[in-house]
>>> print(open('coords_4.cif').read())   # mmCIF, C-alpha atoms
data_upload
loop_
_atom_site.group_PDB
_atom_site.id
_atom_site.type_symbol
_atom_site.label_atom_id
_atom_site.label_comp_id
_atom_site.auth_asym_id
_atom_site.auth_seq_id
_atom_site.Cartn_x
_atom_site.Cartn_y
_atom_site.Cartn_z
ATOM 1 C CA MET A 15 -22.952 2.408 53.138
ATOM 2 C CA ASP A 16 -26.454 2.888 54.487
ATOM 3 C CA ASP A 17 -28.054 1.943 51.191
ATOM 4 C CA ARG A 18 -26.903 -1.644 51.730
ATOM 5 C CA ASN A 19 -29.579 -2.026 54.376
ATOM 6 C CA ASP A 20 -32.080 -1.711 51.559
ATOM 7 C CA LEU A 21 -30.979 -5.057 50.198
ATOM 8 C CA ARG A 22 -32.377 -6.946 53.175
ATOM 9 C CA LEU A 23 -35.195 -9.280 52.310
ATOM 10 C CA THR A 24 -38.446 -9.468 54.175
ATOM 11 C CA ASP A 25 -40.461 -12.681 54.157
ATOM 12 C CA GLN A 26 -42.765 -11.200 51.555
ATOM 13 C CA GLY A 27 -39.872 -10.258 49.308
ATOM 14 C CA ASP A 28 -38.044 -6.984 49.352
ATOM 15 C CA GLU A 29 -39.642 -4.165 47.418
ATOM 16 C CA LYS A 30 -36.262 -2.846 46.332
ATOM 17 C CA LEU A 31 -34.650 -6.210 45.792
ATOM 18 C CA VAL A 32 -37.379 -7.750 43.645
ATOM 19 C CA PRO A 33 -37.186 -5.055 40.938
ATOM 20 C CA LEU A 34 -33.408 -5.492 40.936
ATOM 21 C CA LEU A 35 -33.827 -9.231 40.567
ATOM 22 C CA ARG A 36 -36.323 -8.697 37.758
ATOM 23 C CA GLU A 37 -33.853 -6.476 35.989
ATOM 24 C CA LEU A 38 -31.043 -8.943 36.529
ATOM 25 C CA TYR A 39 -33.079 -11.859 35.219
ATOM 26 C CA ALA A 40 -35.017 -10.080 32.499
ATOM 27 C CA PRO A 41 -35.143 -12.100 29.278
ATOM 28 C CA PRO A 42 -33.857 -10.389 26.138
ATOM 29 C CA ALA A 43 -36.450 -8.007 24.735
ATOM 30 C CA ASP A 44 -35.139 -8.039 21.178
ATOM 31 C CA GLU A 45 -37.378 -10.198 18.994
ATOM 32 C CA THR A 46 -34.493 -11.131 16.674
ATOM 33 C CA TYR A 47 -32.759 -12.730 19.656
ATOM 34 C CA TRP A 48 -35.622 -15.214 20.005
ATOM 35 C CA ASP A 49 -35.611 -15.965 16.294
ATOM 36 C CA GLY A 50 -31.917 -16.765 16.633
ATOM 37 C CA LEU A 51 -32.393 -18.960 19.681
ATOM 38 C CA GLU A 52 -35.195 -20.857 17.938
ATOM 39 C CA THR A 53 -32.964 -21.415 14.904
ATOM 40 C CA ARG A 54 -30.072 -22.622 17.073
ATOM 41 C CA ALA A 55 -32.289 -24.993 19.053
ATOM 42 C CA LEU A 56 -33.786 -26.485 15.888
ATOM 43 C CA SER A 57 -30.347 -26.735 14.241
ATOM 44 C CA LEU A 58 -29.047 -28.643 17.258
ATOM 45 C CA ILE A 59 -31.971 -31.060 16.993
ATOM 46 C CA ALA A 60 -31.504 -31.413 13.228
ATOM 47 C CA SER A 61 -27.752 -32.029 13.509
ATOM 48 C CA ASN A 62 -28.361 -34.557 16.270
ATOM 49 C CA ARG A 63 -30.974 -36.314 14.157
ATOM 50 C CA LEU A 64 -28.642 -36.253 11.140
ATOM 51 C CA GLY A 65 -25.872 -37.656 13.304
ATOM 52 C CA ILE A 66 -28.079 -40.567 14.289
ATOM 53 C CA VAL A 67 -29.125 -41.162 10.662
ATOM 54 C CA ARG A 68 -25.465 -41.027 9.553
ATOM 55 C CA LEU A 69 -24.470 -43.460 12.271
ATOM 56 C CA GLN A 70 -27.255 -45.816 11.257
ATOM 57 C CA SER A 71 -26.393 -45.582 7.558
ATOM 58 C CA SER A 72 -22.687 -46.112 8.237
ATOM 59 C CA LEU A 73 -23.530 -49.178 10.300
ATOM 60 C CA TRP A 74 -25.629 -50.501 7.425
ATOM 61 C CA SER A 75 -22.862 -49.839 4.898
ATOM 62 C CA VAL A 76 -20.406 -51.775 7.081
ATOM 63 C CA LEU A 77 -22.917 -54.596 7.342
ATOM 64 C CA GLU A 78 -23.465 -54.521 3.575
ATOM 65 C CA ARG A 79 -19.714 -54.740 2.936
ATOM 66 C CA TRP A 80 -19.512 -57.789 5.116
ATOM 67 C CA ALA A 81 -22.684 -59.379 3.786
ATOM 68 C CA THR A 82 -21.114 -61.485 0.958
ATOM 69 C CA PRO A 83 -18.139 -62.859 2.922
ATOM 70 C CA GLY A 84 -20.424 -63.308 5.888
ATOM 71 C CA LEU A 85 -22.900 -65.351 3.845
ATOM 72 C CA ALA A 86 -20.076 -67.443 2.370
ATOM 73 C CA ALA A 87 -18.643 -68.132 5.827
ATOM 74 C CA ALA A 88 -22.094 -68.986 7.130
ATOM 75 C CA GLY A 89 -22.578 -71.402 4.197
ATOM 76 C CA LEU A 90 -19.274 -73.136 4.915
ATOM 77 C CA LEU A 91 -20.119 -73.373 8.573
ATOM 78 C CA PHE A 92 -23.486 -74.852 7.682
ATOM 79 C CA ILE A 93 -21.874 -77.506 5.487
ATOM 80 C CA ALA A 94 -19.264 -78.320 8.143
ATOM 81 C CA ALA A 95 -21.944 -78.582 10.786
ATOM 82 C CA GLY A 96 -23.987 -80.826 8.493
ATOM 83 C CA LEU A 97 -21.041 -83.148 7.925
ATOM 84 C CA PHE A 98 -20.251 -83.244 11.594
ATOM 85 C CA LEU A 99 -23.808 -84.107 12.506
ATOM 86 C CA ALA A 100 -24.120 -86.685 9.711
ATOM 87 C CA ARG A 101 -21.082 -88.733 10.906
ATOM 88 C CA PRO A 102 -22.568 -90.271 14.042
ATOM 89 C CA THR A 103 -25.754 -91.161 12.190
ATOM 90 C CA GLU A 104 -23.710 -93.272 9.718
ATOM 91 C CA GLU A 105 -21.736 -94.961 12.466
ATOM 92 C CA GLU A 106 -24.739 -95.840 14.557
ATOM 93 C CA PRO A 107 -26.280 -98.490 12.197
ATOM 94 C CA ARG A 108 -22.827 -99.918 11.548
ATOM 95 C CA THR A 109 -22.254 -100.372 15.267
ATOM 96 C CA ALA A 110 -25.669 -101.928 15.634
ATOM 97 C CA TYR A 111 -24.940 -104.251 12.690
ATOM 98 C CA GLU A 112 -21.606 -105.280 14.219
ATOM 99 C CA GLU A 113 -23.270 -106.089 17.493
ATOM 100 C CA VAL A 114 -25.508 -108.565 15.702
ATOM 101 C CA THR A 115 -22.988 -110.086 13.278
ATOM 102 C CA GLU A 116 -19.898 -110.184 15.536
ATOM 103 C CA PRO A 117 -19.523 -113.523 17.321
ATOM 104 C CA ALA A 118 -19.598 -113.465 21.036
ATOM 105 C CA VAL A 119 -16.220 -114.362 22.534
ATOM 106 C CA VAL A 120 -16.726 -117.783 24.087
ATOM 107 C CA GLU A 121 -14.214 -120.395 25.145
ATOM 108 C CA GLU A 122 -13.947 -123.056 22.520
ATOM 109 C CA LEU A 123 -14.808 -126.449 23.933
ATOM 110 C CA PRO A 124 -13.505 -129.672 22.364
ATOM 111 C CA GLY A 125 -16.016 -130.988 19.893
ATOM 112 C CA ALA A 126 -17.737 -127.747 19.576
ATOM 113 C CA VAL A 127 -18.938 -126.841 16.198
ATOM 114 C CA HIS A 128 -16.881 -124.071 14.721
ATOM 115 C CA VAL A 129 -19.238 -121.516 13.412
ATOM 116 C CA VAL A 130 -17.986 -119.303 10.705
ATOM 117 C CA THR A 131 -19.898 -116.150 10.233
ATOM 118 C CA ALA A 132 -19.914 -114.030 7.200
ATOM 119 C CA PRO A 133 -16.784 -111.959 7.093
ATOM 120 C CA ARG A 134 -17.011 -108.193 7.281
ATOM 121 C CA ASP A 135 -14.669 -107.645 4.378
ATOM 122 C CA GLY A 136 -17.499 -107.643 1.866
ATOM 123 C CA SER A 137 -17.297 -111.323 0.727
ATOM 124 C CA SER A 138 -20.594 -112.932 0.160
ATOM 125 C CA GLN A 139 -22.535 -115.213 2.433
ATOM 126 C CA ARG A 140 -22.137 -117.986 -0.105
ATOM 127 C CA GLU A 141 -18.336 -117.957 0.400
ATOM 128 C CA ALA A 142 -18.837 -118.255 4.114
ATOM 129 C CA VAL A 143 -21.035 -121.296 3.633
ATOM 130 C CA PHE A 144 -18.441 -122.828 1.296
ATOM 131 C CA ARG A 145 -15.674 -122.348 3.875
ATOM 132 C CA TYR A 146 -17.870 -123.929 6.528
ATOM 133 C CA VAL A 147 -18.384 -127.039 4.386
ATOM 134 C CA LEU A 148 -14.663 -127.356 3.665
ATOM 135 C CA SER A 149 -13.685 -127.056 7.284
ATOM 136 C CA HIS A 150 -15.876 -130.007 8.340
ATOM 137 C CA MET B 30 -51.465 -29.015 7.327
ATOM 138 C CA THR B 31 -50.493 -25.711 5.754
ATOM 139 C CA ASP B 32 -46.879 -24.540 5.501
ATOM 140 C CA ASP B 33 -47.612 -21.614 7.762
ATOM 141 C CA LEU B 34 -48.581 -22.486 11.313
ATOM 142 C CA ARG B 35 -50.109 -19.248 12.546
ATOM 143 C CA ASN B 36 -51.601 -19.193 16.038
ATOM 144 C CA PRO B 37 -51.574 -22.947 16.376
ATOM 145 C CA ASP B 38 -52.975 -24.727 19.358
ATOM 146 C CA GLU B 39 -50.370 -26.381 21.597
ATOM 147 C CA ARG B 40 -52.139 -29.726 21.451
ATOM 148 C CA GLU B 41 -52.260 -29.501 17.670
ATOM 149 C CA LEU B 42 -48.526 -28.816 17.544
ATOM 150 C CA VAL B 43 -47.819 -31.727 19.871
ATOM 151 C CA GLY B 44 -49.883 -33.919 17.550
ATOM 152 C CA PHE B 45 -47.895 -32.809 14.505
ATOM 153 C CA ALA B 46 -44.609 -33.291 16.361
ATOM 154 C CA LEU B 47 -45.622 -36.793 17.436
ATOM 155 C CA GLU B 48 -46.463 -37.611 13.814
ATOM 156 C CA GLY B 49 -42.902 -36.606 12.914
ATOM 157 C CA ASP B 50 -43.746 -33.300 11.247
ATOM 158 C CA PRO B 51 -40.777 -31.019 12.105
ATOM 159 C CA ARG B 52 -43.000 -27.930 11.907
ATOM 160 C CA GLY B 53 -44.885 -29.220 14.924
ATOM 161 C CA PHE B 54 -41.838 -29.194 17.183
ATOM 162 C CA ALA B 55 -40.619 -25.917 15.665
ATOM 163 C CA GLY B 56 -43.928 -24.378 16.685
ATOM 164 C CA LEU B 57 -43.531 -25.713 20.212
ATOM 165 C CA VAL B 58 -40.025 -24.245 20.440
ATOM 166 C CA ARG B 59 -41.363 -20.872 19.308
ATOM 167 C CA MET B 60 -44.234 -21.059 21.762
ATOM 168 C CA HIS B 61 -42.237 -22.069 24.843
ATOM 169 C CA GLN B 62 -38.693 -20.768 24.436
ATOM 170 C CA ARG B 63 -39.172 -17.595 26.512
ATOM 171 C CA ARG B 64 -40.512 -19.471 29.502
ATOM 172 C CA ALA B 65 -37.852 -22.153 29.051
ATOM 173 C CA TYR B 66 -35.190 -19.438 29.063
ATOM 174 C CA THR B 67 -36.621 -17.978 32.288
ATOM 175 C CA VAL B 68 -36.536 -21.368 33.997
ATOM 176 C CA ALA B 69 -32.969 -22.060 32.860
ATOM 177 C CA ARG B 70 -31.812 -18.551 33.719
ATOM 178 C CA SER B 71 -33.113 -18.886 37.287
ATOM 179 C CA ILE B 72 -30.815 -21.854 37.843
ATOM 180 C CA VAL B 73 -27.595 -21.054 35.992
ATOM 181 C CA LEU B 74 -25.513 -17.965 36.550
ATOM 182 C CA SER B 75 -25.095 -16.555 33.091
ATOM 183 C CA HIS B 76 -27.155 -15.699 30.056
ATOM 184 C CA GLU B 77 -24.922 -17.936 27.884
ATOM 185 C CA ASP B 78 -25.401 -20.917 30.173
ATOM 186 C CA ALA B 79 -29.161 -20.333 30.112
ATOM 187 C CA GLU B 80 -29.075 -20.426 26.291
ATOM 188 C CA ASP B 81 -27.108 -23.687 26.359
ATOM 189 C CA ALA B 82 -29.516 -25.207 28.874
ATOM 190 C CA VAL B 83 -32.529 -24.160 26.781
ATOM 191 C CA GLN B 84 -31.087 -25.745 23.643
ATOM 192 C CA GLU B 85 -30.116 -28.893 25.519
ATOM 193 C CA GLY B 86 -33.574 -28.984 27.097
ATOM 194 C CA PHE B 87 -35.307 -28.760 23.712
ATOM 195 C CA LEU B 88 -33.054 -31.501 22.346
ATOM 196 C CA ARG B 89 -33.840 -33.781 25.308
ATOM 197 C CA ALA B 90 -37.557 -33.036 24.954
ATOM 198 C CA TYR B 91 -37.428 -33.878 21.247
ATOM 199 C CA GLN B 92 -35.643 -37.151 21.968
ATOM 200 C CA ALA B 93 -38.178 -38.042 24.680
ATOM 201 C CA LEU B 94 -41.226 -36.938 22.721
ATOM 202 C CA ASP B 95 -42.545 -40.477 22.343
ATOM 203 C CA ARG B 96 -42.724 -40.677 26.157
ATOM 204 C CA PHE B 97 -44.760 -37.472 26.466
ATOM 205 C CA ASP B 98 -48.383 -37.896 27.493
ATOM 206 C CA PRO B 99 -50.384 -35.680 25.097
ATOM 207 C CA GLY B 100 -53.043 -35.309 27.778
ATOM 208 C CA GLN B 101 -50.628 -33.280 29.944
ATOM 209 C CA PRO B 102 -49.569 -29.664 29.388
ATOM 210 C CA PHE B 103 -46.465 -29.626 27.211
ATOM 211 C CA GLY B 104 -45.056 -26.486 28.865
ATOM 212 C CA ALA B 105 -44.867 -28.023 32.355
ATOM 213 C CA TRP B 106 -43.204 -31.163 30.953
ATOM 214 C CA LEU B 107 -40.731 -29.083 28.957
ATOM 215 C CA ASN B 108 -39.931 -26.806 31.926
ATOM 216 C CA ARG B 109 -39.008 -29.824 34.012
ATOM 217 C CA ILE B 110 -36.663 -31.062 31.300
ATOM 218 C CA VAL B 111 -35.101 -27.611 30.873
ATOM 219 C CA ALA B 112 -34.692 -27.275 34.655
ATOM 220 C CA ASN B 113 -32.886 -30.617 34.726
ATOM 221 C CA ALA B 114 -30.633 -29.576 31.856
ATOM 222 C CA ALA B 115 -29.861 -26.317 33.688
ATOM 223 C CA LEU B 116 -29.158 -28.133 36.971
ATOM 224 C CA ASP B 117 -26.793 -30.521 35.154
ATOM 225 C CA LEU B 118 -25.001 -27.595 33.575
ATOM 226 C CA ALA B 119 -24.802 -25.702 36.877
ATOM 227 C CA ARG B 120 -23.301 -28.760 38.613
ATOM 228 C CA LYS B 121 -20.719 -29.130 35.869
ATOM 229 C CA LYS B 122 -19.673 -25.524 36.300
ATOM 230 C CA LYS B 123 -19.712 -25.533 40.077
ATOM 231 C CA VAL B 124 -15.937 -25.808 40.231
ATOM 232 C CA ARG B 125 -15.641 -22.316 38.883
ATOM 233 C CA ASN B 126 -15.045 -19.474 41.255
ATOM 234 C CA ALA B 127 -18.176 -17.571 42.282
ATOM 235 C CA GLU B 128 -16.400 -14.244 41.860
ATOM 236 C CA GLU B 129 -15.404 -15.165 38.339
ATOM 237 C CA LEU B 130 -18.953 -16.154 37.527
ATOM 238 C CA SER B 131 -20.515 -12.999 38.803
ATOM 239 C CA ASP B 132 -18.006 -10.960 36.820
ATOM 240 C CA SER B 133 -18.773 -12.955 33.721
ATOM 241 C CA MET B 134 -22.524 -12.371 33.865
ATOM 242 C CA PRO B 135 -22.994 -10.413 30.675
ATOM 243 C CA SER B 136 -26.163 -8.488 30.085
ATOM 244 C CA PRO B 137 -26.076 -7.153 26.554
ATOM 245 C CA PHE B 138 -29.830 -6.699 26.568
ATOM 246 C CA ARG B 139 -30.012 -4.756 29.866
ATOM 247 C CA ASP B 140 -29.626 -1.149 30.603
ATOM 248 C CA PRO B 141 -26.542 -0.932 32.843
ATOM 249 C CA GLY B 142 -28.264 2.086 34.412
ATOM 250 C CA GLU B 143 -28.322 3.132 37.970
ATOM 251 C CA ASP B 144 -27.242 1.513 41.185
ATOM 252 C CA ALA B 145 -24.533 -0.639 39.647
ATOM 253 C CA GLU B 146 -22.968 -1.271 43.035
ATOM 254 C CA LEU B 147 -26.154 -2.716 44.522
ATOM 255 C CA ARG B 148 -26.592 -4.892 41.464
ATOM 256 C CA ALA B 149 -23.017 -6.138 41.704
ATOM 257 C CA ARG B 150 -23.458 -7.091 45.356
ATOM 258 C CA LEU B 151 -26.684 -8.846 44.625
ATOM 259 C CA LYS B 152 -25.043 -10.782 41.790
ATOM 260 C CA ASN B 153 -22.261 -11.849 44.118
ATOM 261 C CA ALA B 154 -24.712 -12.974 46.779
ATOM 262 C CA LEU B 155 -26.827 -14.900 44.259
ATOM 263 C CA ALA B 156 -23.735 -16.573 42.842
ATOM 264 C CA LYS B 157 -22.911 -17.871 46.311
ATOM 265 C CA LEU B 158 -26.304 -19.503 46.753
ATOM 266 C CA PRO B 159 -26.818 -23.165 45.825
ATOM 267 C CA GLU B 160 -28.544 -23.434 42.433
ATOM 268 C CA ARG B 161 -31.811 -24.721 43.909
ATOM 269 C CA SER B 162 -32.006 -21.863 46.419
ATOM 270 C CA ARG B 163 -31.328 -19.328 43.694
ATOM 271 C CA ALA B 164 -33.902 -20.972 41.449
ATOM 272 C CA VAL B 165 -36.717 -20.889 44.008
ATOM 273 C CA ILE B 166 -36.115 -17.196 44.755
ATOM 274 C CA VAL B 167 -36.050 -16.205 41.100
ATOM 275 C CA LEU B 168 -38.911 -18.442 40.034
ATOM 276 C CA HIS B 169 -41.126 -17.274 42.896
ATOM 277 C CA ASP B 170 -40.208 -13.641 43.484
ATOM 278 C CA VAL B 171 -39.355 -12.673 39.921
ATOM 279 C CA GLU B 172 -41.385 -14.971 37.727
ATOM 280 C CA GLY B 173 -44.337 -15.503 40.032
ATOM 281 C CA PHE B 174 -44.490 -19.286 39.874
ATOM 282 C CA THR B 175 -46.362 -21.014 42.686
ATOM 283 C CA HIS B 176 -44.619 -23.374 45.104
ATOM 284 C CA ALA B 177 -46.340 -26.319 43.422
ATOM 285 C CA GLU B 178 -45.147 -25.227 39.964
ATOM 286 C CA ILE B 179 -41.614 -24.709 41.239
ATOM 287 C CA GLY B 180 -41.727 -28.087 42.933
ATOM 288 C CA GLU B 181 -42.820 -29.733 39.694
ATOM 289 C CA MET B 182 -40.041 -28.053 37.737
ATOM 290 C CA LEU B 183 -37.319 -28.935 40.212
ATOM 291 C CA GLY B 184 -38.624 -32.401 41.008
ATOM 292 C CA ILE B 185 -39.420 -31.664 44.654
ATOM 293 C CA PRO B 186 -42.724 -31.485 46.574
ATOM 294 C CA GLY B 187 -44.462 -28.102 46.720
ATOM 295 C CA GLY B 188 -43.966 -27.966 50.496
ATOM 296 C CA THR B 189 -40.231 -28.456 50.035
ATOM 297 C CA ALA B 190 -40.185 -25.626 47.497
ATOM 298 C CA ARG B 191 -41.907 -23.411 50.078
ATOM 299 C CA SER B 192 -39.399 -24.209 52.830
ATOM 300 C CA ASP B 193 -36.526 -23.942 50.326
ATOM 301 C CA LEU B 194 -37.729 -20.449 49.485
ATOM 302 C CA HIS B 195 -37.801 -19.469 53.141
ATOM 303 C CA HIS B 196 -34.271 -20.777 53.737
ATOM 304 C CA ALA B 197 -32.973 -19.319 50.489
ATOM 305 C CA ARG B 198 -34.192 -15.857 51.443
ATOM 306 C CA GLN B 199 -32.582 -16.195 54.867
ATOM 307 C CA ARG B 200 -29.340 -17.281 53.253
ATOM 308 C CA LEU B 201 -29.405 -14.427 50.742
ATOM 309 C CA ARG B 202 -30.133 -11.981 53.544
ATOM 310 C CA GLY B 203 -27.169 -13.342 55.467
ATOM 311 C CA LEU B 204 -24.888 -13.046 52.471
ATOM 312 C CA LEU B 205 -25.959 -9.470 51.819
ATOM 313 C CA GLU B 206 -25.403 -8.559 55.468
ATOM 314 C CA ASN B 207 -21.944 -10.103 55.365
ATOM 315 C CA MET B 208 -21.141 -7.915 52.408
ATOM 316 C CA ARG B 209 -21.844 -4.836 54.494
ATOM 317 C CA ASP B 210 -18.919 -5.661 56.796
#
>>> encode(input="coords_4.cif", output="structure tokens")
Amino acid sequence: MDDRNDLRLTDQGDEKLVPLLRELYAPPADETYWDGLETRALSLIASNRLGIVRLQSSLWSVLERWATPGLAAAGLLFIAAGLFLARPTEEEPRTAYEEVTEPAVVEELPGAVHVVTAPRDGSSQREAVFRYVLSH
Amino acid sequence: MTDDLRNPDERELVGFALEGDPRGFAGLVRMHQRRAYTVARSIVLSHEDAEDAVQEGFLRAYQALDRFDPGQPFGAWLNRIVANAALDLARKKKVRNAEELSDSMPSPFRDPGEDAELRARLKNALAKLPERSRAVIVLHDVEGFTHAEIGEMLGIPGGTARSDLHHARQRLRGLLENMRD
């Protein structure tokens, strides 16, 4: 039991303990061990790199598979968006035209001249003039 | 660059590795694996865990290579990464029983030799130390690293490494004394 006292450390390190620690923590002396470790480390890196490449290529293949339907859907969306945006631009001049051509609602006074404006159903201005003449 | 990289300069290898030449990093692995093993082994409790930490450390270093400053020594940068990998591994395995770990410390490359009982008690005491305390003792007393170097590896100031060493020795001494009783 007395030998256990020898394991006590001094502040400078124990002269019996340090050699024991060195023995305990000695790296493998066999050169083939290091060749093996080097191979394993590089294989791990290579497999990791391959894994990343595979992941990237599989992502690309998925994207490629979806490319045609994706383009078609995008085209349809583009057309739909175009139609949607075109609608208000057609309505706007028509509304502006109506504002000018539509008669203002005024109370009809006796003796007031009845003004007939050109109808909006596509008949010509000449017809409107003709109806005006007939009505007076 | 020739196929055979004999006696290459570390900076040259770093340059090749940064250019994406796999022989550059392979040369760095060959050059630094022993020291990397020593660093990892000082932190984890078994030879197998040290191997795992070294491989993980090299993988992390490879992945972070674009962040390495070629003006700095590659070995110091790598040792820090390996130490981190070893600390991560040690934390993961902390749940395991210290007795179990000390029993499972295989040493196929060591002469079982004399004084097996002393060695066994020392293993038990070391297994009971926190990983940082164990690391500073081994890195300083066995491997001869300075406090500043140990601090750099473990991500602590050199002064902290010095005081850690003092407390770690006290703790180890206490553990060994307890084993006498």
>>> atom_distance(input="coords_4.cif", atom1="CA of Ser57 (chain A)", atom2="CA of Ala43 (chain A)")
22.3 Å
>>> resolve_selection(input="coords_4.cif", expression="the PyMOL selection byres ((chain B) within 7 of (chain A))", output="MDAnalysis selection string")
chainID B and resid 55 58:59 67 70 84 87:88 138 148 170:171 198 202 205 209
>>> atom_distance(input="coords_4.cif", atom1="CA of Glu181 (chain B)", atom2="CA of Gln101 (chain B)")
13.0 Å
>>> residues_around(input="coords_4.cif", residues="Arg40 (chain B)", least_positions_apart="2", cutoff="10 Å", atoms="all atoms listed in the file", output="PyMOL selection string")
chain B and resi 37-38+42-46+53+57+99-103
>>> resolve_selection(input="coords_4.cif", expression="the PyMOL selection byres ((chain B and resi 190) around 8)", output="ChimeraX atom specification")
/B:165,176-177,179-180,185-189,191-194
>>> atom_distance(input="coords_4.cif", atom1="CA of Ser75 (chain B)", atom2="CA of Gln92 (chain B)")
25.7 Å
>>> resolve_selection(input="coords_4.cif", expression="the PyMOL selection byres ((chain B and resi 65) around 12)", output="number ranges by chain")
A: 41, 48, 51-52, 55; B: 57-64, 66-72, 79-87, 90, 103-115, 168, 172, 182
>>> build_atoms(input="coords_4.cif", residues="region 81-97 of chain A", atoms="N, CA and C atoms", output="compact mmCIF listing (two decimals), in the frame of the given file")
# COMPACT_ATOMS: atom_id res chain seq x y z
N ALA A 81 -21.58 -58.45 4.04
CA ALA A 81 -22.68 -59.38 3.79
C ALA A 81 -22.24 -60.59 2.97
N THR A 82 -21.51 -60.37 1.83
CA THR A 82 -21.11 -61.48 0.96
C THR A 82 -20.16 -62.45 1.66
N PRO A 83 -19.02 -61.92 2.21
CA PRO A 83 -18.14 -62.86 2.92
C PRO A 83 -18.83 -63.52 4.11
N GLY A 84 -19.70 -62.76 4.74
CA GLY A 84 -20.42 -63.31 5.89
C GLY A 84 -21.33 -64.46 5.48
N LEU A 85 -22.02 -64.29 4.34
CA LEU A 85 -22.90 -65.35 3.84
C LEU A 85 -22.10 -66.59 3.45
N ALA A 86 -20.93 -66.33 2.80
CA ALA A 86 -20.08 -67.44 2.37
C ALA A 86 -19.59 -68.23 3.59
N ALA A 87 -19.14 -67.48 4.60
CA ALA A 87 -18.64 -68.13 5.83
C ALA A 87 -19.76 -68.91 6.51
N ALA A 88 -20.95 -68.31 6.51
CA ALA A 88 -22.09 -68.99 7.13
C ALA A 88 -22.42 -70.28 6.38
N GLY A 89 -22.32 -70.22 5.02
CA GLY A 89 -22.58 -71.40 4.20
C GLY A 89 -21.60 -72.51 4.51
N LEU A 90 -20.31 -72.15 4.60
CA LEU A 90 -19.27 -73.14 4.92
C LEU A 90 -19.51 -73.75 6.29
N LEU A 91 -19.84 -72.89 7.22
CA LEU A 91 -20.12 -73.37 8.57
C LEU A 91 -21.30 -74.34 8.57
N PHE A 92 -22.29 -74.02 7.77
CA PHE A 92 -23.49 -74.85 7.68
C PHE A 92 -23.13 -76.24 7.13
N ILE A 93 -22.28 -76.23 6.09
CA ILE A 93 -21.87 -77.51 5.49
C ILE A 93 -21.07 -78.32 6.49
N ALA A 94 -20.11 -77.62 7.16
CA ALA A 94 -19.26 -78.32 8.14
C ALA A 94 -20.11 -78.91 9.26
N ALA A 95 -21.08 -78.11 9.71
CA ALA A 95 -21.94 -78.58 10.79
C ALA A 95 -22.77 -79.78 10.32
N GLY A 96 -23.22 -79.73 9.07
CA GLY A 96 -23.99 -80.83 8.49
C GLY A 96 -23.18 -82.11 8.45
N LEU A 97 -21.92 -81.97 8.00
CA LEU A 97 -21.04 -83.15 7.92
C LEU A 97 -20.78 -83.73 9.31
